[in-house]
Amino acid sequence: MLPSSHQQKCCNRLEFPQKNVVVAAQQKGRAEGTTMLRPALACCKLYISEARNEPALRAIERAAAGLRPAAVLVNAFADDAYNRVGYTLVSSLAGGGGAGDSAPPPLHRAAFGVVAAALEAVDFGSHAGAHPRLGVVDHVAFHPLAGAKLDDVAALTRAVAADIGDKLQVPTYLYGAADREGRTLASIRRQLGYFTPNSPGDQWRGAPEASSLPVAPDAGPSTPSRSKGVVVVGATAWVDNYNVPVHTSDVGAAKRIARAVSERGGGLRAVQAMGLAHDEGVTEVACNLLDPARVGAEQVQERVRQLAAEQGLAVGKGYFTDFSQEKIVELYLQKSAEAEATQQ
C-alpha cells in the first residue's frame with residue numbers, strides 16, 4: 001500500500017519484498033525447468049490534479065492496484081503546493097490473457113482504470129494549485145522500458161487515448177510517437193493556454209470559462225466538461241522530471257531563470273522549464289529533461305545555480321519526481337515476484 005500521507009515531497013517508497021523473495025521465485029522457476037526471461041516492459045505515468053483530498057487519493061490508488069501483479073504501481077509522488085500527484089504504473093506489453101483472449105494488455109486496463117477513478121473522485125472545477133493543469137487527469141505519458149520499442153508503446157497509447165475519449169467522454173489529445181505528426185506535449189499545452197495562470201498569485205484555479213476548444217481533440221467530445229477538463233496522452237522515450245528550488249518569492253525571477261535554462265530560451269539542449277510558485281519564500285524551476293543521457297540533472301542544477309546567482313539568489317538541491325528507469329524495472333520485478341509468491 002502507499003503511505004497514508006500525501007504531503008511528503010519525495011518519491012514514496014512502497015513496501016517492497018526482501019531479496020530472498022525474488023531469489024525464491026527464481027529458484028522455483030529453475031526447479032520447474034522454466035527460464036525467467038525479462039519481458040518487454042513499459043511504464044505509464046499519470047499526473048492527477050489532486051494531492052489534498054485523501055478519500056479521492058485512496059480511491060485512485062485502489063484502482064491503480066487493481067491489476068497487481070500484472071500491472072504494478074511502483075511510485076506515487078505528491079506535491080501539496082502544486083495540488084498534484086504522479087503515479088507510475090509498470091507492466092509487460094504482452095496481451096491480457098491466454099490464447100484467444102482479446103482483452104487489452106494489463107497496462108492499458110490499469111491506466112484506463114486510474115483515469116476513470118480520478119474522474120469519478122475529483123472535481124476539476126474546485127481544483128486550485130500552483131502548477132498548471134488542463135483537467136482532472138492533466139497528462140498521461142507512456143515510455144518504453146526494458147526490451148520494449150517506442151512504436152509498440154505508441155500503439156498502446158493510441159488505444160488508451162481512444163478509450164478515454166470515447167468511453168469516459170473527455171476531450172483527449174495525442175502527442176509524441178502516438179501522434180501521426182509527432183507534435184510535442186509543449187506545443188499542445190501552448191495552444192490550450194496551459195502556461196498562463198488564471199488566478200492571482202500565479203495560481204491556477206477552477207475550470208476555464210471557455211466552452212469551446214481552440215484545437216480539435218483526437219478523441220472524445222469537442223466541448224470539455226467543467227468537472228473533467230481535457231487530457232493529453234502521449235508516448236516518448238524516457239523523460240526525467242527534475243525541480244530546483246530557488247530561494248525567492250519572486251515568481252518572475254524563477255520564470256526568467258527557467259526561460260534561460262530551457263532550450264526554447266537558448267539554454268540547455270532538450271530541456272524544458274517552468275518557473276512556478278511553491279512553498280513560502282521559495283519558487284521552483286521545474287524541468288523536463290527530454291534527453292537525460294545527454295543533458296542530466298547535474299548540468300541543470302549548475303546552470304540554474306549560475307543564473308540565480310546573477311540575480312543575487314541562492315538555490316536549493318534539486319530533486320527528481322520519480323525513480324530512474326533501472327530502479328523502476330527493479331521495483332516492478334520485485335513487486336511482481338512478491339505477489340506471485342503469495343498466490344502460491
# chains A, B, ... in the order shown; residues from 1 in each chain; ligands from 1

call {"tool": "residues_around", "arguments": {"residues": "region 162-164 of chain A", "least_positions_apart": "5", "cutoff": "7 Å", "atoms": "only C-alpha atoms", "output": "ChimeraX atom specification"}}
result
/A:112,169-170,219

call {"tool": "write_last_selection", "arguments": {"atoms": "C-alpha atoms", "output": "PDB file, in the first residue's frame"}}
result
ATOM      1  CA  PHE A 112      -7.740   3.427 -18.028  1.00  0.00           C
ATOM      2  CA  GLN A 169     -16.207  11.387 -22.678  1.00  0.00           C
ATOM      3  CA  VAL A 170     -13.162  13.567 -22.135  1.00  0.00           C
ATOM      4  CA  ALA A 219     -10.788  11.564 -29.349  1.00  0.00           C
TER       5      ALA A 219
END

call {"tool": "select_by_dssp", "arguments": {"residues": "region 151-338 of chain A", "states": "strand (DSSP E or B)", "output": "PyMOL selection string"}}
result
chain A and resi 172-176+199+203-205+219+225+229+231-235+240-246+271-277+283-289+315+319-320

call {"tool": "closest_residue", "arguments": {"among": "A:Ala117, A:Val72, A:Val304, A:Ala155", "to": "Arg58 (chain A)", "atoms": "only C-alpha atoms"}}
result
A:Ala117

call {"tool": "select_by_dssp", "arguments": {"residues": "region 79-216 of chain A", "states": "helix (DSSP H, G or I)", "output": "VMD selection string"}}
result
chain A and resid 106 to 121 124 to 126 150 to 168 185 to 191

call {"tool": "atom_distance", "arguments": {"atom1": "CA of Gly125 (chain A)", "atom2": "CA of Ser225 (chain A)"}}
result
9.2 Å

call {"tool": "residues_around", "arguments": {"residues": "Gln306 (chain A)", "least_positions_apart": "4", "cutoff": "12 Å", "atoms": "only C-alpha atoms", "output": "list in words"}}
result
Val246, Ile257, Ala258, Ala260, Val261, Gln299, Val300, Gln301, Glu302, Glu310, Gln311, Gly312, Leu313, Ala314 and Val315 of chain A

call {"tool": "write_last_selection", "arguments": {"atoms": "N, CA and C atoms", "output": "tab-separated table (two decimals), in the first residue's frame"}}
result
chain	number	residue	atom	x	y	z
A	246	VAL	N	14.34	27.68	-5.77
A	246	VAL	CA	15.04	28.98	-5.80
A	246	VAL	C	14.53	29.78	-4.61
A	257	ILE	N	14.76	32.62	-14.94
A	257	ILE	CA	15.75	31.55	-14.88
A	257	ILE	C	15.30	30.37	-15.73
A	258	ALA	N	14.05	30.02	-15.60
A	258	ALA	CA	13.51	28.88	-16.36
A	258	ALA	C	13.64	29.12	-17.86
A	260	ALA	N	15.82	31.00	-19.40
A	260	ALA	CA	17.21	30.98	-19.81
A	260	ALA	C	17.82	29.59	-19.79
A	261	VAL	N	17.33	28.72	-18.92
A	261	VAL	CA	17.88	27.38	-18.83
A	261	VAL	C	17.30	26.45	-19.89
A	299	GLN	N	23.91	19.00	-14.72
A	299	GLN	CA	24.09	20.18	-15.58
A	299	GLN	C	22.98	21.20	-15.36
A	300	VAL	N	21.75	20.70	-15.21
A	300	VAL	CA	20.62	21.61	-14.96
A	300	VAL	C	20.79	22.31	-13.62
A	301	GLN	N	21.18	21.55	-12.60
A	301	GLN	CA	21.38	22.13	-11.27
A	301	GLN	C	22.41	23.26	-11.32
A	302	GLU	N	23.52	23.02	-11.98
A	302	GLU	CA	24.60	24.01	-12.02
A	302	GLU	C	24.17	25.24	-12.83
A	310	GLU	N	23.34	35.25	-10.72
A	310	GLU	CA	23.37	36.51	-11.47
A	310	GLU	C	22.29	37.47	-10.99
A	311	GLN	N	21.23	36.94	-10.37
A	311	GLN	CA	20.16	37.78	-9.82
A	311	GLN	C	20.28	37.94	-8.30
A	312	GLY	N	21.42	37.47	-7.76
A	312	GLY	CA	21.64	37.58	-6.32
A	312	GLY	C	20.83	36.59	-5.51
A	313	LEU	N	20.49	35.45	-6.11
A	313	LEU	CA	19.63	34.46	-5.45
A	313	LEU	C	20.39	33.17	-5.22
A	314	ALA	N	19.98	32.44	-4.19
A	314	ALA	CA	20.53	31.12	-3.90
A	314	ALA	C	19.52	30.04	-4.29
A	315	VAL	N	20.01	28.85	-4.53
A	315	VAL	CA	19.13	27.74	-4.88
A	315	VAL	C	19.33	26.60	-3.89

call {"tool": "closest_residue", "arguments": {"among": "A:Leu73, A:Ala103, A:Ala337, A:Leu46", "to": "His139 (chain A)", "atoms": "only C-alpha atoms"}}
result
A:Leu46

call {"tool": "closest_residue", "arguments": {"among": "A:Leu276, A:Ala76, A:Val329, A:Leu289", "to": "His131 (chain A)", "atoms": "only C-alpha atoms"}}
result
A:Leu276

call {"tool": "closest_residue", "arguments": {"among": "A:Glu338, A:Glu284, A:Asp151, A:Asp79", "to": "Thr321 (chain A)", "atoms": "only C-alpha atoms"}}
result
A:Asp79

call {"tool": "residues_around", "arguments": {"residues": "Thr88 (chain A)", "least_positions_apart": "5", "cutoff": "6 Å", "atoms": "only C-alpha atoms", "output": "mmCIF file with all heavy atoms, in the first residue's frame"}}
result
data_model
loop_
_atom_site.group_PDB
_atom_site.id
_atom_site.type_symbol
_atom_site.label_atom_id
_atom_site.label_comp_id
_atom_site.auth_asym_id
_atom_site.auth_seq_id
_atom_site.Cartn_x
_atom_site.Cartn_y
_atom_site.Cartn_z
ATOM 1 N N CYS A 44 3.653 3.714 -17.446
ATOM 2 C CA CYS A 44 2.676 4.778 -17.663
ATOM 3 C C CYS A 44 2.711 5.702 -16.464
ATOM 4 O O CYS A 44 2.552 5.267 -15.325
ATOM 5 C CB CYS A 44 1.271 4.187 -17.826
ATOM 6 S SG CYS A 44 -0.030 5.430 -17.977
ATOM 7 N N LYS A 45 2.966 6.983 -16.731
ATOM 8 C CA LYS A 45 2.950 7.994 -15.671
ATOM 9 C C LYS A 45 1.694 8.831 -15.820
ATOM 10 O O LYS A 45 1.450 9.421 -16.872
ATOM 11 C CB LYS A 45 4.200 8.871 -15.754
ATOM 12 C CG LYS A 45 5.492 8.093 -15.562
ATOM 13 C CD LYS A 45 6.688 9.032 -15.462
ATOM 14 C CE LYS A 45 7.979 8.261 -15.220
ATOM 15 N NZ LYS A 45 9.121 9.153 -14.952
ATOM 16 N N LEU A 73 1.927 -0.739 -9.426
ATOM 17 C CA LEU A 73 2.151 0.656 -9.056
ATOM 18 C C LEU A 73 3.464 0.737 -8.302
ATOM 19 O O LEU A 73 3.602 0.183 -7.204
ATOM 20 C CB LEU A 73 1.004 1.156 -8.174
ATOM 21 C CG LEU A 73 1.114 2.580 -7.628
ATOM 22 C CD1 LEU A 73 1.113 3.588 -8.767
ATOM 23 C CD2 LEU A 73 -0.029 2.862 -6.657
ATOM 24 N N VAL A 74 4.479 1.402 -8.890
ATOM 25 C CA VAL A 74 5.814 1.414 -8.292
ATOM 26 C C VAL A 74 6.153 2.731 -7.606
ATOM 27 O O VAL A 74 7.129 2.791 -6.861
ATOM 28 C CB VAL A 74 6.900 1.082 -9.336
ATOM 29 C CG1 VAL A 74 6.705 -0.303 -9.907
ATOM 30 C CG2 VAL A 74 6.950 2.126 -10.437
ATOM 31 N N ASN A 75 5.369 3.780 -7.843
ATOM 32 C CA ASN A 75 5.679 5.047 -7.189
ATOM 33 C C ASN A 75 4.471 5.969 -7.195
ATOM 34 O O ASN A 75 3.625 5.925 -8.096
ATOM 35 C CB ASN A 75 6.832 5.768 -7.895
ATOM 36 C CG ASN A 75 7.283 7.000 -7.128
ATOM 37 O OD1 ASN A 75 7.490 6.955 -5.917
ATOM 38 N ND2 ASN A 75 7.423 8.112 -7.815
#

call {"tool": "closest_residue", "arguments": {"among": "A:Glu330, A:Asp291, A:Glu340, A:Asp250", "to": "Val90 (chain A)", "atoms": "only C-alpha atoms"}}
result
A:Glu330

call {"tool": "atom_distance", "arguments": {"atom1": "CA of Ala237 (chain A)", "atom2": "CA of Ala130 (chain A)"}}
result
27.2 Å
